[in-house]
Structures are given as C-alpha cells and as structure tokens.
$ cat structure-v4.pdb   # PDB, C-alpha atoms and all ligand atoms
ATOM      1  CA  MET A   1     159.699 109.574 125.889
ATOM      2  CA  LYS A   2     156.761 109.983 123.557
ATOM      3  CA  VAL A   3     153.941 112.287 124.609
ATOM      4  CA  LEU A   4     150.875 111.832 122.452
ATOM      5  CA  VAL A   5     148.532 114.811 122.227
ATOM      6  CA  ALA A   6     145.349 113.190 120.920
ATOM      7  CA  THR A   7     142.572 115.684 120.327
ATOM      8  CA  GLU A   8     139.677 114.935 118.031
ATOM      9  CA  LYS A   9     138.721 118.580 118.691
ATOM     10  CA  PRO A  10     142.118 120.311 118.320
ATOM     11  CA  PHE A  11     143.692 122.891 120.591
ATOM     12  CA  ALA A  12     144.423 126.402 119.265
ATOM     13  CA  LYS A  13     147.849 126.567 117.589
ATOM     14  CA  ILE A  14     149.179 128.851 120.320
ATOM     15  CA  ALA A  15     148.451 126.105 122.873
ATOM     16  CA  ILE A  16     150.204 123.449 120.790
ATOM     17  CA  ASP A  17     153.241 125.725 120.450
ATOM     18  CA  GLY A  18     153.238 126.197 124.230
ATOM     19  CA  ILE A  19     153.013 122.468 124.967
ATOM     20  CA  GLU A  20     155.809 121.784 122.472
ATOM     21  CA  GLU A  21     158.026 124.355 124.149
ATOM     22  CA  GLU A  22     157.410 122.814 127.611
ATOM     23  CA  LEU A  23     158.273 119.326 126.334
ATOM     24  CA  ASP A  24     161.301 120.498 124.393
ATOM     25  CA  GLY A  25     162.826 121.846 127.589
ATOM     26  CA  VAL A  26     162.790 118.340 129.135
ATOM     27  CA  ASP A  27     163.626 116.503 125.945
ATOM     28  CA  TYR A  28     160.310 114.729 125.373
ATOM     29  CA  GLU A  29     158.989 114.126 121.901
ATOM     30  CA  MET A  30     155.476 115.403 121.188
ATOM     31  CA  VAL A  31     153.320 113.540 118.672
ATOM     32  CA  LEU A  32     150.113 115.213 117.523
ATOM     33  CA  LEU A  33     146.986 113.353 116.512
ATOM     34  CA  GLU A  34     144.306 115.905 115.697
ATOM     35  CA  ARG A  35     140.841 115.700 114.106
ATOM     36  CA  TYR A  36     141.038 111.916 113.834
ATOM     37  CA  THR A  37     137.937 110.386 112.364
ATOM     38  CA  ASP A  38     138.512 106.731 113.147
ATOM     39  CA  LYS A  39     139.301 105.092 116.490
ATOM     40  CA  LYS A  40     141.906 102.962 114.684
ATOM     41  CA  GLN A  41     144.070 106.079 114.276
ATOM     42  CA  LEU A  42     144.019 106.604 118.039
ATOM     43  CA  LEU A  43     144.797 102.936 118.745
ATOM     44  CA  GLU A  44     147.814 103.084 116.429
ATOM     45  CA  ALA A  45     149.101 106.391 117.802
ATOM     46  CA  VAL A  46     148.877 105.336 121.434
ATOM     47  CA  ALA A  47     150.608 101.973 120.897
ATOM     48  CA  ASP A  48     154.095 103.254 121.827
ATOM     49  CA  ALA A  49     153.197 106.423 123.777
ATOM     50  CA  ASP A  50     154.579 106.922 127.282
ATOM     51  CA  ALA A  51     152.168 109.711 128.140
ATOM     52  CA  MET A  52     148.982 111.053 126.632
ATOM     53  CA  ILE A  53     147.180 114.403 126.739
ATOM     54  CA  VAL A  54     143.518 114.375 125.693
ATOM     55  CA  ARG A  55     140.370 116.501 125.766
ATOM     56  CA  SER A  56     136.905 114.912 125.544
ATOM     57  CA  ASP A  57     138.395 112.019 123.561
ATOM     58  CA  ILE A  58     137.001 108.644 124.591
ATOM     59  CA  ILE A  59     139.761 106.693 126.321
ATOM     60  CA  ASP A  60     138.154 103.323 126.925
ATOM     61  CA  GLU A  61     139.567  99.913 127.846
ATOM     62  CA  GLU A  62     140.480  99.126 124.233
ATOM     63  CA  VAL A  63     142.547 102.315 123.911
ATOM     64  CA  ILE A  64     144.220 101.725 127.277
ATOM     65  CA  ASN A  65     145.009  98.112 126.451
ATOM     66  CA  SER A  66     146.618  98.980 123.143
ATOM     67  CA  ALA A  67     149.093 101.262 124.910
ATOM     68  CA  LYS A  68     152.078  99.157 125.846
ATOM     69  CA  ASN A  69     154.212 101.852 127.510
ATOM     70  CA  LEU A  70     151.615 104.273 128.810
ATOM     71  CA  LYS A  71     152.227 105.614 132.329
ATOM     72  CA  ILE A  72     150.002 108.661 132.488
ATOM     73  CA  ILE A  73     146.902 110.144 130.841
ATOM     74  CA  VAL A  74     146.167 113.825 131.425
ATOM     75  CA  ARG A  75     142.750 115.174 130.620
ATOM     76  CA  ALA A  76     143.404 118.795 129.596
ATOM     77  CA  GLY A  77     140.154 119.984 131.109
ATOM     78  CA  ALA A  78     137.919 119.379 134.088
ATOM     79  CA  GLY A  79     135.592 116.435 133.414
ATOM     80  CA  TYR A  80     137.231 113.021 133.144
ATOM     81  CA  ASP A  81     134.104 110.950 132.516
ATOM     82  CA  ASN A  82     135.577 110.147 129.075
ATOM     83  CA  ILE A  83     138.360 108.062 130.627
ATOM     84  CA  ASP A  84     137.891 104.503 131.857
ATOM     85  CA  LEU A  85     139.495 104.902 135.282
ATOM     86  CA  GLU A  86     139.068 101.253 136.195
ATOM     87  CA  ALA A  87     140.895 100.050 133.086
ATOM     88  CA  ALA A  88     143.676 102.615 133.685
ATOM     89  CA  THR A  89     144.018 101.590 137.333
ATOM     90  CA  LYS A  90     144.253  97.903 136.373
ATOM     91  CA  LYS A  91     147.261  98.756 134.222
ATOM     92  CA  GLY A  92     148.821 101.059 136.845
ATOM     93  CA  ILE A  93     148.298 104.121 134.633
ATOM     94  CA  CYS A  94     147.912 107.421 136.449
ATOM     95  CA  VAL A  95     145.053 109.692 135.328
ATOM     96  CA  MET A  96     145.033 113.420 136.024
ATOM     97  CA  ASN A  97     142.973 116.455 135.010
ATOM     98  CA  THR A  98     143.468 120.229 135.027
ATOM     99  CA  PRO A  99     140.483 121.640 136.933
ATOM    100  CA  GLY A 100     139.975 125.393 136.827
ATOM    101  CA  GLN A 101     142.069 126.008 133.719
ATOM    102  CA  ASN A 102     139.148 126.494 131.338
ATOM    103  CA  SER A 103     136.516 127.640 133.874
ATOM    104  CA  ASN A 104     136.373 131.267 132.817
ATOM    105  CA  ALA A 105     135.896 130.328 129.171
ATOM    106  CA  VAL A 106     132.942 128.080 130.052
ATOM    107  CA  ALA A 107     131.468 130.687 132.400
ATOM    108  CA  GLU A 108     131.603 133.426 129.768
ATOM    109  CA  LEU A 109     129.781 131.182 127.299
ATOM    110  CA  VAL A 110     126.947 130.726 129.809
ATOM    111  CA  PHE A 111     126.184 134.420 129.439
ATOM    112  CA  GLY A 112     126.607 134.299 125.664
ATOM    113  CA  LEU A 113     123.980 131.557 125.520
ATOM    114  CA  LEU A 114     121.739 133.325 128.013
ATOM    115  CA  ILE A 115     121.679 136.665 126.243
ATOM    116  CA  TYR A 116     121.147 134.978 122.878
ATOM    117  CA  GLY A 117     118.297 132.856 124.258
ATOM    118  CA  MET A 118     116.641 135.519 126.363
ATOM    119  CA  ARG A 119     116.748 138.041 123.514
ATOM    120  CA  THR A 120     114.626 135.575 121.474
ATOM    121  CA  PHE A 121     117.619 134.344 119.451
ATOM    122  CA  TYR A 122     118.059 137.797 117.910
ATOM    123  CA  GLN A 123     114.903 137.427 115.838
ATOM    124  CA  GLY A 124     113.971 141.100 116.102
ATOM    125  CA  SER A 125     111.121 140.570 118.575
ATOM    126  CA  SER A 126     110.449 142.833 121.572
ATOM    127  CA  ALA A 127     109.721 139.802 123.753
ATOM    128  CA  GLY A 128     113.328 139.718 124.963
ATOM    129  CA  ARG A 129     114.144 139.744 128.669
ATOM    130  CA  GLU A 130     117.075 141.070 130.668
ATOM    131  CA  LEU A 131     119.323 139.342 133.159
ATOM    132  CA  LYS A 132     119.284 142.152 135.710
ATOM    133  CA  GLY A 133     117.227 141.273 138.784
ATOM    134  CA  LYS A 134     116.674 137.642 137.716
ATOM    135  CA  ARG A 135     117.413 134.842 140.173
ATOM    136  CA  LEU A 136     120.270 132.687 138.891
ATOM    137  CA  GLY A 137     120.564 129.196 140.390
ATOM    138  CA  ILE A 138     123.999 127.656 140.080
ATOM    139  CA  HIS A 139     123.639 123.884 140.134
ATOM    140  CA  ALA A 140     127.038 122.725 141.478
ATOM    141  CA  TYR A 141     129.402 125.316 142.860
ATOM    142  CA  GLY A 142     132.875 124.319 141.674
ATOM    143  CA  ASN A 143     135.409 126.258 139.602
ATOM    144  CA  VAL A 144     133.005 127.067 136.761
ATOM    145  CA  GLY A 145     130.101 127.792 139.110
ATOM    146  CA  LYS A 146     132.254 130.306 141.003
ATOM    147  CA  CYS A 147     133.238 132.116 137.770
ATOM    148  CA  VAL A 148     129.584 132.214 136.699
ATOM    149  CA  ALA A 149     128.652 133.767 140.051
ATOM    150  CA  GLN A 150     131.320 136.467 139.706
ATOM    151  CA  ILE A 151     130.127 137.444 136.225
ATOM    152  CA  ALA A 152     126.452 137.326 137.281
ATOM    153  CA  LYS A 153     127.151 139.939 139.943
ATOM    154  CA  GLY A 154     128.077 142.374 137.167
ATOM    155  CA  PHE A 155     124.675 141.784 135.569
ATOM    156  CA  GLY A 156     122.932 142.610 138.847
ATOM    157  CA  MET A 157     121.458 139.125 139.259
ATOM    158  CA  HIS A 158     120.404 137.544 142.530
ATOM    159  CA  ILE A 159     122.537 134.428 142.869
ATOM    160  CA  LEU A 160     121.706 131.120 144.550
ATOM    161  CA  ALA A 161     123.831 127.974 144.548
ATOM    162  CA  TYR A 162     123.494 124.340 145.479
ATOM    163  CA  ASP A 163     126.360 121.893 145.811
ATOM    164  CA  THR A 164     126.686 118.475 147.410
ATOM    165  CA  MET A 165     130.375 119.113 148.205
ATOM    166  CA  SER A 166     130.825 122.847 148.931
ATOM    167  CA  ARG A 167     129.673 123.746 152.431
ATOM    168  CA  SER A 168     127.205 126.608 152.922
ATOM    169  CA  GLU A 169     129.918 128.732 154.573
ATOM    170  CA  VAL A 170     132.066 128.466 151.431
ATOM    171  CA  ILE A 171     129.171 129.578 149.210
ATOM    172  CA  ASN A 172     128.155 132.298 151.687
ATOM    173  CA  ALA A 173     131.701 133.641 151.807
ATOM    174  CA  ASP A 174     131.412 134.492 148.086
ATOM    175  CA  GLY A 175     128.274 136.510 148.754
ATOM    176  CA  ILE A 176     126.031 133.810 147.223
ATOM    177  CA  ASP A 177     122.944 132.319 148.887
ATOM    178  CA  PRO A 178     123.270 128.552 149.382
ATOM    179  CA  THR A 179     120.051 126.524 149.109
ATOM    180  CA  ILE A 180     119.270 123.648 151.397
ATOM    181  CA  SER A 181     118.397 121.246 148.591
ATOM    182  CA  VAL A 182     118.517 120.983 144.840
ATOM    183  CA  LYS A 183     114.708 121.203 144.731
ATOM    184  CA  THR A 184     114.858 124.533 146.562
ATOM    185  CA  LEU A 185     117.374 125.786 144.007
ATOM    186  CA  TYR A 186     115.018 124.984 141.127
ATOM    187  CA  ARG A 187     111.992 126.399 142.963
ATOM    188  CA  TYR A 188     113.581 129.803 143.566
ATOM    189  CA  SER A 189     115.565 130.283 140.320
ATOM    190  CA  ASP A 190     114.407 132.021 137.136
ATOM    191  CA  ILE A 191     117.482 130.638 135.408
ATOM    192  CA  VAL A 192     119.388 127.471 136.349
ATOM    193  CA  SER A 193     122.936 126.927 135.077
ATOM    194  CA  ILE A 194     124.324 123.387 135.389
ATOM    195  CA  HIS A 195     127.971 122.921 136.398
ATOM    196  CA  GLY A 196     128.329 119.475 137.964
ATOM    197  CA  PRO A 197     130.363 116.521 136.736
ATOM    198  CA  LEU A 198     128.875 113.427 135.108
ATOM    199  CA  THR A 199     128.875 110.597 137.644
ATOM    200  CA  ASN A 200     126.630 107.599 138.352
ATOM    201  CA  GLU A 201     124.739 109.868 140.758
ATOM    202  CA  THR A 202     124.220 112.753 138.309
ATOM    203  CA  ARG A 203     123.355 110.764 135.163
ATOM    204  CA  ASN A 204     119.766 111.675 134.121
ATOM    205  CA  LEU A 205     119.416 113.697 137.338
ATOM    206  CA  ILE A 206     117.668 116.634 135.707
ATOM    207  CA  GLY A 207     114.279 115.364 134.630
ATOM    208  CA  LYS A 208     110.605 115.864 135.398
ATOM    209  CA  ASP A 209     111.016 115.492 139.171
ATOM    210  CA  LEU A 210     113.281 118.573 139.314
ATOM    211  CA  LEU A 211     111.977 120.594 136.386
ATOM    212  CA  LYS A 212     108.496 120.653 137.918
ATOM    213  CA  TYR A 213     109.786 123.002 140.634
ATOM    214  CA  LEU A 214     110.863 125.717 138.180
ATOM    215  CA  PRO A 215     108.781 128.895 138.050
ATOM    216  CA  LYS A 216     107.061 130.154 134.883
ATOM    217  CA  LYS A 217     109.320 131.449 132.059
ATOM    218  CA  ALA A 218     112.346 129.612 133.432
ATOM    219  CA  VAL A 219     115.531 129.017 131.451
ATOM    220  CA  LEU A 220     117.872 126.037 131.843
ATOM    221  CA  VAL A 221     121.467 126.401 130.617
ATOM    222  CA  ASN A 222     123.692 123.369 130.239
ATOM    223  CA  THR A 223     127.417 123.807 129.658
ATOM    224  CA  ALA A 224     128.269 120.671 131.652
ATOM    225  CA  ARG A 225     127.364 117.265 130.178
ATOM    226  CA  LYS A 226     124.394 116.150 128.087
ATOM    227  CA  GLU A 227     124.013 112.972 130.125
ATOM    228  CA  VAL A 228     123.010 114.814 133.319
ATOM    229  CA  VAL A 229     119.747 115.752 131.620
ATOM    230  CA  ASN A 230     117.013 113.191 131.025
ATOM    231  CA  GLU A 231     116.283 114.170 127.425
ATOM    232  CA  PRO A 232     112.853 112.552 126.894
ATOM    233  CA  GLU A 233     111.603 114.090 130.153
ATOM    234  CA  LEU A 234     113.057 117.504 129.296
ATOM    235  CA  LEU A 235     111.430 117.434 125.861
ATOM    236  CA  GLN A 236     108.064 116.522 127.366
ATOM    237  CA  TYR A 237     108.465 119.276 129.964
ATOM    238  CA  MET A 238     109.149 121.798 127.186
ATOM    239  CA  ILE A 239     106.073 120.671 125.268
ATOM    240  CA  ASP A 240     103.931 121.021 128.420
ATOM    241  CA  ASN A 241     105.483 124.392 129.399
ATOM    242  CA  PRO A 242     105.534 126.616 126.326
ATOM    243  CA  ASP A 243     107.352 129.494 128.065
ATOM    244  CA  PHE A 244     110.406 127.432 129.109
ATOM    245  CA  LYS A 245     113.762 127.608 127.275
ATOM    246  CA  TYR A 246     116.684 125.179 127.095
ATOM    247  CA  LEU A 247     120.109 126.446 126.008
ATOM    248  CA  SER A 248     122.905 123.946 125.698
ATOM    249  CA  ASP A 249     126.568 123.718 124.810
ATOM    250  CA  ILE A 250     126.303 119.973 124.311
ATOM    251  CA  LYS A 251     124.182 118.702 121.474
ATOM    252  CA  PRO A 252     121.558 116.351 122.950
ATOM    253  CA  ASP A 253     121.161 112.878 121.448
ATOM    254  CA  MET A 254     117.584 113.958 120.645
ATOM    255  CA  HIS A 255     118.690 117.219 118.974
ATOM    256  CA  GLU A 256     116.499 116.722 115.882
ATOM    257  CA  GLU A 257     113.390 116.131 118.001
ATOM    258  CA  PHE A 258     114.077 119.229 120.100
ATOM    259  CA  VAL A 259     114.464 121.301 116.905
ATOM    260  CA  GLU A 260     111.283 119.869 115.416
ATOM    261  CA  LYS A 261     109.040 120.105 118.480
ATOM    262  CA  VAL A 262     110.328 123.058 120.525
ATOM    263  CA  GLY A 263     112.807 124.697 118.135
ATOM    264  CA  ASP A 264     111.677 128.234 118.938
ATOM    265  CA  ARG A 265     112.772 127.807 122.582
ATOM    266  CA  TYR A 266     115.772 125.545 122.169
ATOM    267  CA  PHE A 267     119.361 126.156 121.124
ATOM    268  CA  SER A 268     122.425 123.959 121.125
ATOM    269  CA  THR A 269     125.923 124.478 119.791
ATOM    270  CA  LEU A 270     126.760 121.615 117.426
ATOM    271  CA  LYS A 271     130.247 121.087 118.859
ATOM    272  CA  LYS A 272     131.045 121.809 122.513
ATOM    273  CA  MET A 273     132.380 125.385 122.539
ATOM    274  CA  GLY A 274     132.803 126.137 126.267
ATOM    275  CA  ALA A 275     136.554 125.618 126.414
ATOM    276  CA  GLN A 276     137.235 126.608 122.796
ATOM    277  CA  THR A 277     139.212 129.781 123.450
ATOM    278  CA  ALA A 278     142.901 130.381 122.923
ATOM    279  CA  GLU A 279     143.232 131.311 126.597
ATOM    280  CA  ALA A 280     141.553 128.143 127.894
ATOM    281  CA  ASN A 281     143.505 125.951 125.462
ATOM    282  CA  VAL A 282     146.811 127.477 126.565
ATOM    283  CA  ASN A 283     145.945 127.215 130.262
ATOM    284  CA  ALA A 284     144.721 123.615 130.098
ATOM    285  CA  GLY A 285     147.306 122.458 127.556
ATOM    286  CA  ILE A 286     150.287 123.834 129.437
ATOM    287  CA  ALA A 287     148.946 122.597 132.781
ATOM    288  CA  ALA A 288     148.474 119.141 131.262
TER     289      ALA A 288
HETATM  290  C1  LIG B   1     135.896 120.122 130.476
HETATM  291  O1  LIG B   1     135.449 119.122 131.032
HETATM  292  O2  LIG B   1     136.997 120.615 130.764
HETATM  293  C2  LIG B   1     135.063 120.838 129.452
HETATM  294  O3  LIG B   1     133.874 120.170 129.218
HETATM  295  C3  LIG B   1     135.811 121.102 128.164
HETATM  296  O4  LIG B   1     135.952 119.967 127.364
HETATM  297  P1  LIG B   1     136.756 120.030 125.978
HETATM  298  O5  LIG B   1     138.204 120.057 126.297
HETATM  299  O6  LIG B   1     136.375 118.788 125.238
HETATM  300  O7  LIG B   1     136.339 121.262 125.241
END
$ encode --input "structure-v4.pdb" --output "structure tokens"
Amino acid sequence: MKVLVATEKPFAKIAIDGIEEELDGVDYEMVLLERYTDKKQLLEAVADADAMIVRSDIIDEEVINSAKNLKIIVRAGAGYDNIDLEAATKKGICVMNTPGQNSNAVAELVFGLLIYGMRTFYQGSSAGRELKGKRLGIHAYGNVGKCVAQIAKGFGMHILAYDTMSRSEVINADGIDPTISVKTLYRYSDIVSIHGPLTNETRNLIGKDLLKYLPKKAVLVNTARKEVVNEPELLQYMIDNPDFKYLSDIKPDMHEEFVEKVGDRYFSTLKKMGAQTAEANVNAGIAA
C-alpha cells in the first residue's frame, strides 16, 4: 500500500519520522512529495497512491481523478475546504481531517500577532496598548477558539464568544460570555479573533456590514481563512477608520494594496504560520 504524503508546505522532520514509524509498523510504504512547485508533480505522485495525507494542498477534481487506487485522503489539520468533497464522494474516496491537533499552535500565534500589532509593530513608539482588560471576541468557538480563550484568561482579558454551533451553555461552562448574535460580538469587542471554517455561508462574511459595529481602536485578527473576509470592504473600512488594525496569518489577495494604503496598521505573514510548529506537525501528522 502506498501512502503519499503530499505537502507543498512541508512538515517538520520530526513529524515525517513519526509518520514513517507508524506506517512501518503496518508495512505501508510512505512516499514523500514536498515543496512541489507544479501541479503536474502532484498528479504524477498520486497516480498509484492508495492513501494520501495533505495539508492545505489543493485536492481538486483533476487530482482526485488522476488517482486510480485512492481510497482515503486525510487532511492533517482542521480545515478541509481545500479538498473537493463532491469529487471524492463520486469516486467513493473517504475524506478525513484531524481537528484539534494543531489548535494550540494556532491559538498561540494569535497572541504573537496581537502583541506585535498592538505594540505598534515594535517601532519604538509609546503608542502601544496592552491586552489586559480588553474585550476579546472569539468569532467561532471550536477547538482553536477554546484554546484562545484559555490563553486570554492569563492576559486578564474579558472574553466573549459567538458560535452558530456551540450552545450558550457550552460557552458559559468555560467561563466565557456567549453573545446572542455575531453583530453583538463585534459591537462589544475591542479585539475580534476569527476561528470559523470556510464554507458557502462564511465566504466574504466579514465585511462592512459587520465591521461597522466595531468600537474605536478595534483590532481584527485572522488566523482562519482569507476568504471569510471581504477584502475590498475591509480595505475601505481601514481607510475610513484610521485607528483600526488588521493582523492576519493568511496573506490577502490584495496584500500589496493593504501595504500601500494602510501599511502602518496592517500585518500579514507571507506563508500561513499557525500550524508551523514541530508539536502541531507531529500531532496532526501522526493522527493523520
Ligand atoms: C488547518 O486548517 O488545520 C490550519 O489552517 C493549518 O493549515 P496548514 O496545515 O496548511 O498549516
């Protein structure tokens, strides 16, 4: 049985060693395709694979159709919006993910971004602000949202959360205040951190109609997906609200325009870093 580990953004070596060890025990052969630059390389590698482990790699209909023996695709991570589920289902291929395995890594990065952004990007200015006492709104209370809430408690923040799936009792039980609507979350948060999946319902969800509820000097942190933000509307909002900051772990399509027009209040990592820790790679890789 051939298990293809196809990662354009590679796992840490310690994770690869761990996956290899797991597969060795059950006599599967692991084939690595890392840092590929051309889709053709992926199409060739998957042609005779029985199973495939991927990260944010785009697994579309063409990739699925070139796999003659494929039975299972595992997304070593939480979001599976990169996999064409319909095409996989048509071919009877099972798709799985590993939710929770990289949540802490993503949650810790939220605070890395926040401190960097709120301390004026370490430019030596005294205009920095602290997290203590600020109201943190967690937009979607899943595995990552929960980790963010736990860390925020240590900073002495007041935490609010909104989720379409988690019931208020579940949020309350963690000592977090649930809000009745997403608008209420934005209205009463100094900082909003986004943690929902990309779906047809969430695509472009965060635009002018939500941003208008934010108070003065608000900060929006995105470690989820770029597509949940309506970029032209966010850029316009930032131009109209010169005390607002956007901190992102997913480079927007309009990155250059953000840098040019609101660069003093905008930061994005160039490659998604949330799950790029040895610990998260080992957890997600082994689980996959
Ligand atoms: C996820 O959905 O698990 C995270 O966005 C991490 O994605 P990555 O594996 O591409 O870093």
$ closest_residue --input "structure-v4.pdb" --among "A:Asp209, A:Asp81, A:Asp177, A:Glu34" --to "Asn97 of chain A" --atoms "all atoms listed in the file"
A:Asp81
$ closest_residue --input "structure-v4.pdb" --among "A:Gly142, A:Gly124, A:Gly137, A:Gly274" --to "ligand LIG 1 (chain B)" --atoms "only C-alpha atoms and all ligand atoms"
A:Gly274
$ residues_near_ligand --input "structure-v4.pdb" --ligand "ligand LIG 1 (chain B)" --cutoff "9 Å" --atoms "only C-alpha atoms and all ligand atoms" --output "MDAnalysis selection string"
chainID A and resid 7:11 54:57 75:81 97:103 106 197 223:225 271:276 280:281 284
$ residues_around --input "structure-v4.pdb" --residues "Gly18 of chain A" --least-positions-apart "3" --cutoff "8 Å" --atoms "only C-alpha atoms" --output "PDB file with C-alpha atoms, in the frame of the given file"
ATOM      1  CA  ILE A  14     149.179 128.851 120.320  1.00  0.00           C
ATOM      2  CA  ALA A  15     148.451 126.105 122.873  1.00  0.00           C
ATOM      3  CA  GLU A  21     158.026 124.355 124.149  1.00  0.00           C
ATOM      4  CA  GLU A  22     157.410 122.814 127.611  1.00  0.00           C
ATOM      5  CA  VAL A 282     146.811 127.477 126.565  1.00  0.00           C
ATOM      6  CA  GLY A 285     147.306 122.458 127.556  1.00  0.00           C
ATOM      7  CA  ILE A 286     150.287 123.834 129.437  1.00  0.00           C
TER       8      ILE A 286
END
$ atom_distance --input "structure-v4.pdb" --atom1 "atom CA of Ala127 of chain A" --atom2 "atom CA of Lys245 of chain A"
13.3 Å
$ atom_distance --input "structure-v4.pdb" --atom1 "atom CA of Val95 of chain A" --atom2 "atom CA of Arg35 of chain A"
22.5 Å
$ resolve_selection --input "structure-v4.pdb" --expression "the PyMOL selection byres (((chain A and resi 45) around 9) and not hetatm)" --output "ChimeraX atom specification"
/A:4,6,31-33,40-44,46-49,67
$ atom_distance --input "structure-v4.pdb" --atom1 "atom CA of Ile64 of chain A" --atom2 "atom CA of Thr277 of chain A"
28.8 Å
$ closest_residue --input "structure-v4.pdb" --among "A:Ile115, A:Leu198, A:Val110, A:Leu211" --to "Ile83 of chain A" --atoms "only C-alpha atoms"
A:Leu198
$ closest_residue --input "structure-v4.pdb" --among "A:Asn200, A:Lys208, A:Tyr266, A:Met1" --to "Leu70 of chain A" --atoms "all atoms listed in the file"
A:Met1
$ residues_around --input "structure-v4.pdb" --residues "Lys226 of chain A" --least-positions-apart "3" --cutoff "10 Å" --atoms "all atoms listed in the file" --output "number ranges by chain"
A: 198, 203-204, 222-223, 229-231, 248-253
$ closest_residue --input "structure-v4.pdb" --among "A:Ala140, A:Ser125, A:Ser193, A:Gly25" --to "Ala107 of chain A" --atoms "all atoms listed in the file"
A:Ser193
$ closest_residue --input "structure-v4.pdb" --among "A:Met118, A:Ile151, A:Leu210, A:Val74" --to "Val182 of chain A" --atoms "all atoms listed in the file"
A:Leu210
$ resolve_selection --input "structure-v4.pdb" --expression "the PyMOL selection byres (((chain A and resi 172) around 12) and not hetatm)" --output "list in words"
Tyr141, Lys146, Ala149, Ile159, Leu160, Ala161, Tyr162, Ser166, Arg167, Ser168, Glu169, Val170, Ile171, Ala173, Asp174, Gly175, Ile176, Asp177, Pro178 and Thr179 of chain A
$ residues_around --input "structure-v4.pdb" --residues "Gly133 of chain A" --least-positions-apart "2" --cutoff "8 Å" --atoms "only C-alpha atoms" --output "list in words"
Leu131, Arg135, Gly156, Met157 and His158 of chain A
$ axis_aligned_box --input "structure-v4.pdb" --around "segment 145-150 of chain A" --padding-each-side "6 Å" --output "lines of an AutoDock Vina configuration file"
center_x = 130.9
center_y = 132.1
center_z = 138.9
size_x = 16.6
size_y = 20.7
size_z = 16.3
$ resolve_selection --input "structure-v4.pdb" --expression "the PyMOL selection byres (((chain A and resi 93) around 10) and not hetatm)" --output "mmCIF file with C-alpha atoms, in the coordinates of the input"
data_model
loop_
_atom_site.group_PDB
_atom_site.id
_atom_site.type_symbol
_atom_site.label_atom_id
_atom_site.label_comp_id
_atom_site.auth_asym_id
_atom_site.auth_seq_id
_atom_site.Cartn_x
_atom_site.Cartn_y
_atom_site.Cartn_z
ATOM 1 C CA ALA A 51 152.168 109.711 128.140
ATOM 2 C CA ILE A 64 144.220 101.725 127.277
ATOM 3 C CA ASN A 69 154.212 101.852 127.510
ATOM 4 C CA LEU A 70 151.615 104.273 128.810
ATOM 5 C CA LYS A 71 152.227 105.614 132.329
ATOM 6 C CA ILE A 72 150.002 108.661 132.488
ATOM 7 C CA ILE A 73 146.902 110.144 130.841
ATOM 8 C CA LEU A 85 139.495 104.902 135.282
ATOM 9 C CA GLU A 86 139.068 101.253 136.195
ATOM 10 C CA ALA A 87 140.895 100.050 133.086
ATOM 11 C CA ALA A 88 143.676 102.615 133.685
ATOM 12 C CA THR A 89 144.018 101.590 137.333
ATOM 13 C CA LYS A 90 144.253 97.903 136.373
ATOM 14 C CA LYS A 91 147.261 98.756 134.222
ATOM 15 C CA GLY A 92 148.821 101.059 136.845
ATOM 16 C CA CYS A 94 147.912 107.421 136.449
ATOM 17 C CA VAL A 95 145.053 109.692 135.328
ATOM 18 C CA MET A 96 145.033 113.420 136.024
#
$ residues_around --input "structure-v4.pdb" --residues "Tyr213 of chain A" --least-positions-apart "3" --cutoff "12 Å" --atoms "all atoms listed in the file" --output "VMD selection string"
chain A and resid 181 to 190 192 206 to 210 216 218 237
$ build_atoms --input "structure-v4.pdb" --residues "segment 224-228 of chain A" --atoms "all heavy atoms" --output "PDB file, in the coordinates of the input"
ATOM      1  N   ALA A 224     127.556 121.728 130.925  1.00  0.00           N
ATOM      2  CA  ALA A 224     128.269 120.671 131.652  1.00  0.00           C
ATOM      3  C   ALA A 224     128.358 119.397 130.804  1.00  0.00           C
ATOM      4  O   ALA A 224     129.308 119.228 130.031  1.00  0.00           O
ATOM      5  CB  ALA A 224     127.581 120.421 132.980  1.00  0.00           C
ATOM      6  N   ARG A 225     127.373 118.519 130.939  1.00  0.00           N
ATOM      7  CA  ARG A 225     127.364 117.265 130.178  1.00  0.00           C
ATOM      8  C   ARG A 225     125.934 116.962 129.750  1.00  0.00           C
ATOM      9  O   ARG A 225     125.002 117.145 130.538  1.00  0.00           O
ATOM     10  CB  ARG A 225     127.880 116.091 131.045  1.00  0.00           C
ATOM     11  CG  ARG A 225     129.355 116.153 131.384  1.00  0.00           C
ATOM     12  CD  ARG A 225     130.227 115.899 130.163  1.00  0.00           C
ATOM     13  NE  ARG A 225     131.651 115.944 130.475  1.00  0.00           N
ATOM     14  CZ  ARG A 225     132.415 117.033 130.396  1.00  0.00           C
ATOM     15  NH1 ARG A 225     131.898 118.185 130.036  1.00  0.00           N
ATOM     16  NH2 ARG A 225     133.704 116.970 130.663  1.00  0.00           N
ATOM     17  N   LYS A 226     125.763 116.425 128.552  1.00  0.00           N
ATOM     18  CA  LYS A 226     124.394 116.150 128.087  1.00  0.00           C
ATOM     19  C   LYS A 226     123.749 115.058 128.938  1.00  0.00           C
ATOM     20  O   LYS A 226     122.542 115.055 129.151  1.00  0.00           O
ATOM     21  CB  LYS A 226     124.387 115.773 126.603  1.00  0.00           C
ATOM     22  CG  LYS A 226     125.014 114.449 126.283  1.00  0.00           C
ATOM     23  CD  LYS A 226     124.899 114.071 124.819  1.00  0.00           C
ATOM     24  CE  LYS A 226     125.582 112.731 124.639  1.00  0.00           C
ATOM     25  NZ  LYS A 226     126.021 112.431 123.312  1.00  0.00           N
ATOM     26  N   GLU A 227     124.563 114.137 129.422  1.00  0.00           N
ATOM     27  CA  GLU A 227     124.013 112.972 130.125  1.00  0.00           C
ATOM     28  C   GLU A 227     123.371 113.305 131.471  1.00  0.00           C
ATOM     29  O   GLU A 227     122.673 112.483 132.047  1.00  0.00           O
ATOM     30  CB  GLU A 227     125.111 111.909 130.352  1.00  0.00           C
ATOM     31  CG  GLU A 227     125.663 111.280 129.090  1.00  0.00           C
ATOM     32  CD  GLU A 227     126.841 112.057 128.486  1.00  0.00           C
ATOM     33  OE1 GLU A 227     127.068 113.229 128.886  1.00  0.00           O
ATOM     34  OE2 GLU A 227     127.517 111.495 127.613  1.00  0.00           O
ATOM     35  N   VAL A 228     123.627 114.490 132.023  1.00  0.00           N
ATOM     36  CA  VAL A 228     123.010 114.814 133.319  1.00  0.00           C
ATOM     37  C   VAL A 228     121.534 115.181 133.156  1.00  0.00           C
ATOM     38  O   VAL A 228     120.793 115.263 134.124  1.00  0.00           O
ATOM     39  CB  VAL A 228     123.762 115.940 134.089  1.00  0.00           C
ATOM     40  CG1 VAL A 228     125.198 115.526 134.367  1.00  0.00           C
ATOM     41  CG2 VAL A 228     123.705 117.266 133.364  1.00  0.00           C
TER      42      VAL A 228
END
